[in-house]
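Participant: Contents are PDB, N, CA and C atoms; file name upload14.pdb:
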ATOM      1  N   MET A  11      -0.086   5.113  15.573
ATOM      2  CA  MET A  11      -0.014   5.259  14.135
ATOM      3  C   MET A  11      -1.170   6.139  13.678
ATOM      4  N   ASN A  12      -0.892   6.951  12.712
ATOM      5  CA  ASN A  12      -1.900   7.831  12.138
ATOM      6  C   ASN A  12      -3.080   6.990  11.627
ATOM      7  N   GLN A  13      -4.286   7.413  11.917
ATOM      8  CA  GLN A  13      -5.486   6.655  11.532
ATOM      9  C   GLN A  13      -5.595   6.487  10.013
ATOM     10  N   LEU A  14      -5.197   7.501   9.249
ATOM     11  CA  LEU A  14      -5.235   7.401   7.794
ATOM     12  C   LEU A  14      -4.359   6.238   7.323
ATOM     13  N   TYR A  15      -3.150   6.148   7.833
ATOM     14  CA  TYR A  15      -2.241   5.066   7.432
ATOM     15  C   TYR A  15      -2.788   3.715   7.852
ATOM     16  N   GLN A  16      -3.359   3.639   9.040
ATOM     17  CA  GLN A  16      -3.939   2.383   9.513
ATOM     18  C   GLN A  16      -5.104   1.956   8.622
ATOM     19  N   ASN A  17      -5.939   2.899   8.215
ATOM     20  CA  ASN A  17      -7.059   2.580   7.322
ATOM     21  C   ASN A  17      -6.572   2.047   5.983
ATOM     22  N   ILE A  18      -5.498   2.627   5.462
ATOM     23  CA  ILE A  18      -4.940   2.147   4.203
ATOM     24  C   ILE A  18      -4.371   0.746   4.379
ATOM     25  N   LEU A  19      -3.596   0.535   5.419
ATOM     26  CA  LEU A  19      -3.006  -0.790   5.665
ATOM     27  C   LEU A  19      -4.069  -1.865   5.827
ATOM     28  N   ASN A  20      -5.206  -1.509   6.395
ATOM     29  CA  ASN A  20      -6.279  -2.489   6.612
ATOM     30  C   ASN A  20      -6.921  -2.957   5.313
ATOM     31  N   LYS A  21      -6.627  -2.302   4.205
ATOM     32  CA  LYS A  21      -7.173  -2.714   2.909
ATOM     33  C   LYS A  21      -6.316  -3.791   2.240
ATOM     34  N   PHE A  22      -5.214  -4.157   2.872
ATOM     35  CA  PHE A  22      -4.292  -5.147   2.337
ATOM     36  C   PHE A  22      -4.291  -6.396   3.218
ATOM     37  N   PRO A  23      -3.846  -7.526   2.675
ATOM     38  CA  PRO A  23      -3.751  -8.747   3.498
ATOM     39  C   PRO A  23      -2.580  -8.625   4.480
ATOM     40  N   ASN A  24      -2.816  -7.895   5.568
ATOM     41  CA  ASN A  24      -1.724  -7.519   6.456
ATOM     42  C   ASN A  24      -1.177  -8.636   7.332
ATOM     43  N   LYS A  25      -1.762  -9.828   7.269
ATOM     44  CA  LYS A  25      -1.174 -10.923   8.047
ATOM     45  C   LYS A  25       0.182 -11.329   7.486
ATOM     46  N   TYR A  26       0.472 -10.925   6.252
ATOM     47  CA  TYR A  26       1.773 -11.227   5.643
ATOM     48  C   TYR A  26       2.760 -10.075   5.769
ATOM     49  N   ILE A  27       2.288  -8.898   6.152
ATOM     50  CA  ILE A  27       3.152  -7.722   6.225
ATOM     51  C   ILE A  27       3.931  -7.748   7.539
ATOM     52  N   LYS A  28       5.254  -7.752   7.411
ATOM     53  CA  LYS A  28       6.126  -7.747   8.587
ATOM     54  C   LYS A  28       6.613  -6.347   8.908
ATOM     55  N   PHE A  29       6.727  -5.516   7.893
ATOM     56  CA  PHE A  29       7.206  -4.149   8.058
ATOM     57  C   PHE A  29       6.629  -3.317   6.921
ATOM     58  N   ALA A  30       6.266  -2.084   7.213
ATOM     59  CA  ALA A  30       5.754  -1.187   6.177
ATOM     60  C   ALA A  30       6.179   0.233   6.492
ATOM     61  N   PHE A  31       6.430   0.999   5.440
ATOM     62  CA  PHE A  31       6.632   2.426   5.638
ATOM     63  C   PHE A  31       6.009   3.191   4.488
ATOM     64  N   ALA A  32       5.615   4.406   4.798
ATOM     65  CA  ALA A  32       4.968   5.280   3.817
ATOM     66  C   ALA A  32       5.919   6.412   3.465
ATOM     67  N   TYR A  33       5.789   6.880   2.230
ATOM     68  CA  TYR A  33       6.565   8.028   1.784
ATOM     69  C   TYR A  33       5.759   8.769   0.717
ATOM     70  N   GLY A  34       6.225   9.901   0.338
ATOM     71  CA  GLY A  34       5.553  10.683  -0.696
ATOM     72  C   GLY A  34       5.082  12.028  -0.177
ATOM     73  N   SER A  35       4.540  12.819  -1.081
ATOM     74  CA  SER A  35       4.143  14.185  -0.744
ATOM     75  C   SER A  35       2.991  14.236   0.257
ATOM     76  N   GLY A  36       2.215  13.163   0.370
ATOM     77  CA  GLY A  36       1.136  13.119   1.346
ATOM     78  C   GLY A  36       1.603  12.746   2.738
ATOM     79  N   VAL A  37       2.851  12.298   2.849
ATOM     80  CA  VAL A  37       3.405  11.889   4.138
ATOM     81  C   VAL A  37       4.234  13.011   4.749
ATOM     82  N   PHE A  38       5.053  13.636   3.905
ATOM     83  CA  PHE A  38       5.944  14.680   4.379
ATOM     84  C   PHE A  38       5.371  16.046   4.040
ATOM     85  N   LYS A  39       5.397  16.915   5.018
ATOM     86  CA  LYS A  39       4.853  18.258   4.826
ATOM     87  C   LYS A  39       5.604  18.944   3.693
ATOM     88  N   GLN A  40       4.830  19.544   2.786
ATOM     89  CA  GLN A  40       5.388  20.235   1.625
ATOM     90  C   GLN A  40       5.442  21.731   1.903
ATOM     91  N   LEU A  41       6.325  22.408   1.190
ATOM     92  CA  LEU A  41       6.360  23.862   1.275
ATOM     93  C   LEU A  41       5.006  24.400   0.820
ATOM     94  N   GLU A  42       4.605  25.513   1.367
ATOM     95  CA  GLU A  42       3.275  26.051   1.083
ATOM     96  C   GLU A  42       3.027  26.224  -0.411
ATOM     97  N   ASN A  43       4.020  26.695  -1.163
ATOM     98  CA  ASN A  43       3.810  26.909  -2.589
ATOM     99  C   ASN A  43       3.881  25.606  -3.383
ATOM    100  N   GLU A  44       4.313  24.500  -2.764
ATOM    101  CA  GLU A  44       4.353  23.203  -3.440
ATOM    102  C   GLU A  44       3.181  22.311  -3.058
ATOM    103  N   ALA A  45       2.455  22.696  -2.037
ATOM    104  CA  ALA A  45       1.339  21.872  -1.568
ATOM    105  C   ALA A  45       0.222  21.858  -2.604
ATOM    106  N   SER A  46      -0.394  20.690  -2.740
ATOM    107  CA  SER A  46      -1.525  20.594  -3.662
ATOM    108  C   SER A  46      -2.470  19.514  -3.170
ATOM    109  N   SER A  47      -3.634  19.476  -3.784
ATOM    110  CA  SER A  47      -4.608  18.454  -3.424
ATOM    111  C   SER A  47      -4.257  17.118  -4.070
ATOM    112  N   ASN A  48      -3.216  17.093  -4.886
ATOM    113  CA  ASN A  48      -2.796  15.867  -5.560
ATOM    114  C   ASN A  48      -1.665  15.169  -4.823
ATOM    115  N   SER A  49      -1.624  15.315  -3.514
ATOM    116  CA  SER A  49      -0.551  14.678  -2.759
ATOM    117  C   SER A  49      -0.673  13.164  -2.862
ATOM    118  N   MET A  50       0.446  12.502  -2.737
ATOM    119  CA  MET A  50       0.520  11.055  -2.957
ATOM    120  C   MET A  50       1.116  10.389  -1.726
ATOM    121  N   ILE A  51       0.538   9.253  -1.348
ATOM    122  CA  ILE A  51       1.098   8.416  -0.300
ATOM    123  C   ILE A  51       1.440   7.080  -0.932
ATOM    124  N   ASP A  52       2.693   6.710  -0.851
ATOM    125  CA  ASP A  52       3.148   5.411  -1.342
ATOM    126  C   ASP A  52       3.581   4.577  -0.152
ATOM    127  N   PHE A  53       3.428   3.272  -0.278
ATOM    128  CA  PHE A  53       3.850   2.353   0.776
ATOM    129  C   PHE A  53       4.837   1.345   0.223
ATOM    130  N   VAL A  54       5.749   0.940   1.072
ATOM    131  CA  VAL A  54       6.622  -0.201   0.801
ATOM    132  C   VAL A  54       6.281  -1.232   1.859
ATOM    133  N   PHE A  55       5.962  -2.450   1.412
ATOM    134  CA  PHE A  55       5.656  -3.544   2.324
ATOM    135  C   PHE A  55       6.772  -4.572   2.258
ATOM    136  N   VAL A  56       7.192  -5.037   3.415
ATOM    137  CA  VAL A  56       8.078  -6.192   3.509
ATOM    138  C   VAL A  56       7.192  -7.326   3.986
ATOM    139  N   VAL A  57       7.099  -8.374   3.186
ATOM    140  CA  VAL A  57       6.198  -9.482   3.501
ATOM    141  C   VAL A  57       6.996 -10.772   3.664
ATOM    142  N   ASP A  58       6.432 -11.713   4.410
ATOM    143  CA  ASP A  58       7.141 -12.976   4.620
ATOM    144  C   ASP A  58       6.811 -14.028   3.567
ATOM    145  N   ASP A  59       5.755 -13.806   2.781
ATOM    146  CA  ASP A  59       5.415 -14.739   1.705
ATOM    147  C   ASP A  59       4.778 -13.935   0.576
ATOM    148  N   SER A  60       5.589 -13.556  -0.393
ATOM    149  CA  SER A  60       5.100 -12.660  -1.439
ATOM    150  C   SER A  60       4.043 -13.316  -2.322
ATOM    151  N   ILE A  61       4.141 -14.611  -2.544
ATOM    152  CA  ILE A  61       3.142 -15.290  -3.385
ATOM    153  C   ILE A  61       1.785 -15.292  -2.704
ATOM    154  N   LYS A  62       1.746 -15.649  -1.427
ATOM    155  CA  LYS A  62       0.473 -15.639  -0.692
ATOM    156  C   LYS A  62      -0.072 -14.220  -0.561
ATOM    157  N   PHE A  63       0.828 -13.252  -0.319
ATOM    158  CA  PHE A  63       0.393 -11.858  -0.208
ATOM    159  C   PHE A  63      -0.293 -11.420  -1.502
ATOM    160  N   HIS A  64       0.351 -11.653  -2.648
ATOM    161  CA  HIS A  64      -0.221 -11.208  -3.909
ATOM    162  C   HIS A  64      -1.457 -12.011  -4.294
ATOM    163  N   ASP A  65      -1.473 -13.273  -3.959
ATOM    164  CA  ASP A  65      -2.660 -14.090  -4.250
ATOM    165  C   ASP A  65      -3.875 -13.530  -3.516
ATOM    166  N   GLU A  66      -3.705 -13.223  -2.244
ATOM    167  CA  GLU A  66      -4.824 -12.680  -1.463
ATOM    168  C   GLU A  66      -5.131 -11.235  -1.855
ATOM    169  N   ASN A  67      -4.099 -10.445  -2.123
ATOM    170  CA  ASN A  67      -4.325  -9.049  -2.508
ATOM    171  C   ASN A  67      -5.017  -8.958  -3.870
ATOM    172  N   LEU A  68      -4.724  -9.884  -4.754
ATOM    173  CA  LEU A  68      -5.394  -9.914  -6.063
ATOM    174  C   LEU A  68      -6.891 -10.108  -5.885
ATOM    175  N   LYS A  69      -7.281 -10.907  -4.905
ATOM    176  CA  LYS A  69      -8.708 -11.115  -4.629
ATOM    177  C   LYS A  69      -9.336  -9.886  -3.969
ATOM    178  N   LEU A  70      -8.589  -9.251  -3.055
ATOM    179  CA  LEU A  70      -9.105  -8.083  -2.336
ATOM    180  C   LEU A  70      -9.083  -6.814  -3.187
ATOM    181  N   ASN A  71      -8.041  -6.661  -3.993
ATOM    182  CA  ASN A  71      -7.806  -5.419  -4.725
ATOM    183  C   ASN A  71      -7.396  -5.698  -6.169
ATOM    184  N   PRO A  72      -8.273  -6.248  -6.980
ATOM    185  CA  PRO A  72      -7.878  -6.586  -8.353
ATOM    186  C   PRO A  72      -7.447  -5.376  -9.178
ATOM    187  N   SER A  73      -7.909  -4.195  -8.819
ATOM    188  CA  SER A  73      -7.529  -2.998  -9.580
ATOM    189  C   SER A  73      -6.064  -2.605  -9.365
ATOM    190  N   HIS A  74      -5.391  -3.202  -8.387
ATOM    191  CA  HIS A  74      -3.981  -2.921  -8.149
ATOM    192  C   HIS A  74      -3.080  -3.575  -9.189
ATOM    193  N   TYR A  75      -3.653  -4.426 -10.030
ATOM    194  CA  TYR A  75      -2.859  -5.235 -10.966
ATOM    195  C   TYR A  75      -3.279  -4.953 -12.399
ATOM    196  N   SER A  76      -2.334  -5.095 -13.303
ATOM    197  CA  SER A  76      -2.625  -4.896 -14.732
ATOM    198  C   SER A  76      -3.402  -6.081 -15.271
ATOM    199  N   SER A  77      -3.684  -6.048 -16.558
ATOM    200  CA  SER A  77      -4.407  -7.148 -17.188
ATOM    201  C   SER A  77      -3.585  -8.435 -17.203
ATOM    202  N   LEU A  78      -2.299  -8.356 -16.896
ATOM    203  CA  LEU A  78      -1.457  -9.557 -16.820
ATOM    204  C   LEU A  78      -1.916 -10.500 -15.702
ATOM    205  N   LYS A  79      -2.757 -10.007 -14.794
ATOM    206  CA  LYS A  79      -3.262 -10.851 -13.708
ATOM    207  C   LYS A  79      -4.026 -12.056 -14.244
ATOM    208  N   HIS A  80      -4.527 -11.960 -15.461
ATOM    209  CA  HIS A  80      -5.289 -13.052 -16.049
ATOM    210  C   HIS A  80      -4.400 -14.175 -16.554
ATOM    211  N   ILE A  81      -3.119 -13.904 -16.685
ATOM    212  CA  ILE A  81      -2.186 -14.925 -17.179
ATOM    213  C   ILE A  81      -1.778 -15.869 -16.061
ATOM    214  N   GLY A  82      -1.667 -15.336 -14.852
ATOM    215  CA  GLY A  82      -1.315 -16.204 -13.721
ATOM    216  C   GLY A  82      -0.002 -15.867 -13.094
TER     217      GLY A  82
END
The structure given in the file should be rewritten as structure tokens.
Facilitator:
Amino acid sequence: MNQLYQNILNKFPNKYIKFAFAYGSGVFKQLENEASSNSMIDFVFVVDDSIKFHDENLKLNPSHYSSLKHIG
């Protein structure tokens, strides 16, 4: 696996991640005239317990969530 992707995955509570894939302009090579420094990498995670995943991710990465995180 590409080291960049592994570094990103390591920032999440990956004990709950069963499958993940990345997509976006930062993953797939762009045409030369479409390439930019603003490339984006998005991930889709398939997890076995979404409540535990989000509970732990909220602690690790609170900036991933809106202010609604304070409601519960």
Participant: Could you spell out the hits of the PyMOL selection byres ((chain A and resi 35) around 8) on the shown file, as a list in words?
Facilitator: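 In the shown coordinates, the PyMOL selection byres ((chain A and resi 35) around 8) covers Ala32, Tyr33, Gly34, Gly36, Val37, Phe38, Lys39, Gln40, Ser46, Asn48, Ser49, Met50, Ile51 and Asp52 of chain A.
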Participant: If you run DSSP on the backbone, which residues of chain A are helix (DSSP H, G or I), as a PyMOL selection string?
Facilitator: chain A and resi 13-19+60-70+72-74+77-80
Participant: To verify the selection step, state as a PyMOL selection string which residues the PyMOL selection byres ((chain A and resi 58) around 6) yields on this input.
Facilitator: chain A and resi 26-28+56-57+59-60
Participant: Going by DSSP on the backbone, which residues of chain A come out as strand (DSSP E)? List them as a short mmCIF file (atom, residue, chain, number, x, y, z; two decimals) with N, CA and C atoms, in the frame of the given file.
Facilitator:
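Below is the file that was written, part-v3.cif:
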data_model
loop_
_atom_site.label_atom_id
_atom_site.label_comp_id
_atom_site.auth_asym_id
_atom_site.auth_seq_id
_atom_site.Cartn_x
_atom_site.Cartn_y
_atom_site.Cartn_z
N ILE A 27 2.29 -8.90 6.15
CA ILE A 27 3.15 -7.72 6.22
C ILE A 27 3.93 -7.75 7.54
N LYS A 28 5.25 -7.75 7.41
CA LYS A 28 6.13 -7.75 8.59
C LYS A 28 6.61 -6.35 8.91
N PHE A 29 6.73 -5.52 7.89
CA PHE A 29 7.21 -4.15 8.06
C PHE A 29 6.63 -3.32 6.92
N ALA A 30 6.27 -2.08 7.21
CA ALA A 30 5.75 -1.19 6.18
C ALA A 30 6.18 0.23 6.49
N PHE A 31 6.43 1.00 5.44
CA PHE A 31 6.63 2.43 5.64
C PHE A 31 6.01 3.19 4.49
N ALA A 32 5.62 4.41 4.80
CA ALA A 32 4.97 5.28 3.82
C ALA A 32 5.92 6.41 3.46
N TYR A 33 5.79 6.88 2.23
CA TYR A 33 6.56 8.03 1.78
C TYR A 33 5.76 8.77 0.72
N ASP A 52 2.69 6.71 -0.85
CA ASP A 52 3.15 5.41 -1.34
C ASP A 52 3.58 4.58 -0.15
N PHE A 53 3.43 3.27 -0.28
CA PHE A 53 3.85 2.35 0.78
C PHE A 53 4.84 1.34 0.22
N VAL A 54 5.75 0.94 1.07
CA VAL A 54 6.62 -0.20 0.80
C VAL A 54 6.28 -1.23 1.86
N PHE A 55 5.96 -2.45 1.41
CA PHE A 55 5.66 -3.54 2.32
C PHE A 55 6.77 -4.57 2.26
N VAL A 56 7.19 -5.04 3.42
CA VAL A 56 8.08 -6.19 3.51
C VAL A 56 7.19 -7.33 3.99
N VAL A 57 7.10 -8.37 3.19
CA VAL A 57 6.20 -9.48 3.50
C VAL A 57 7.00 -10.77 3.66
#
Participant: Pull out every residue that the PyMOL selection byres (((chain A and resi 31 and name CA) around 6) and name CA) matches in the shown coordinates and put them as a list in words.
Facilitator: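 Going through the file, the PyMOL selection byres (((chain A and resi 31 and name CA) around 6) and name CA) ends up selecting Ala30, Ala32, Phe53 and Val54 of chain A.
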Participant: Just to confirm, what's the straight-line distance from CA of Ser76 (chain A) to CA of Tyr15 (chain A) in Å (one decimal)?
Facilitator: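 Here the two named atoms are 24.3 Å from each other.
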Participant: Interatomic distance between atom N of Ile81 (chain A) and atom C of Asn17 (chain A)?
Facilitator: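 Calculated distance between atom N of Ile81 (chain A) and atom C of Asn17 (chain A) is 27.9 Å.
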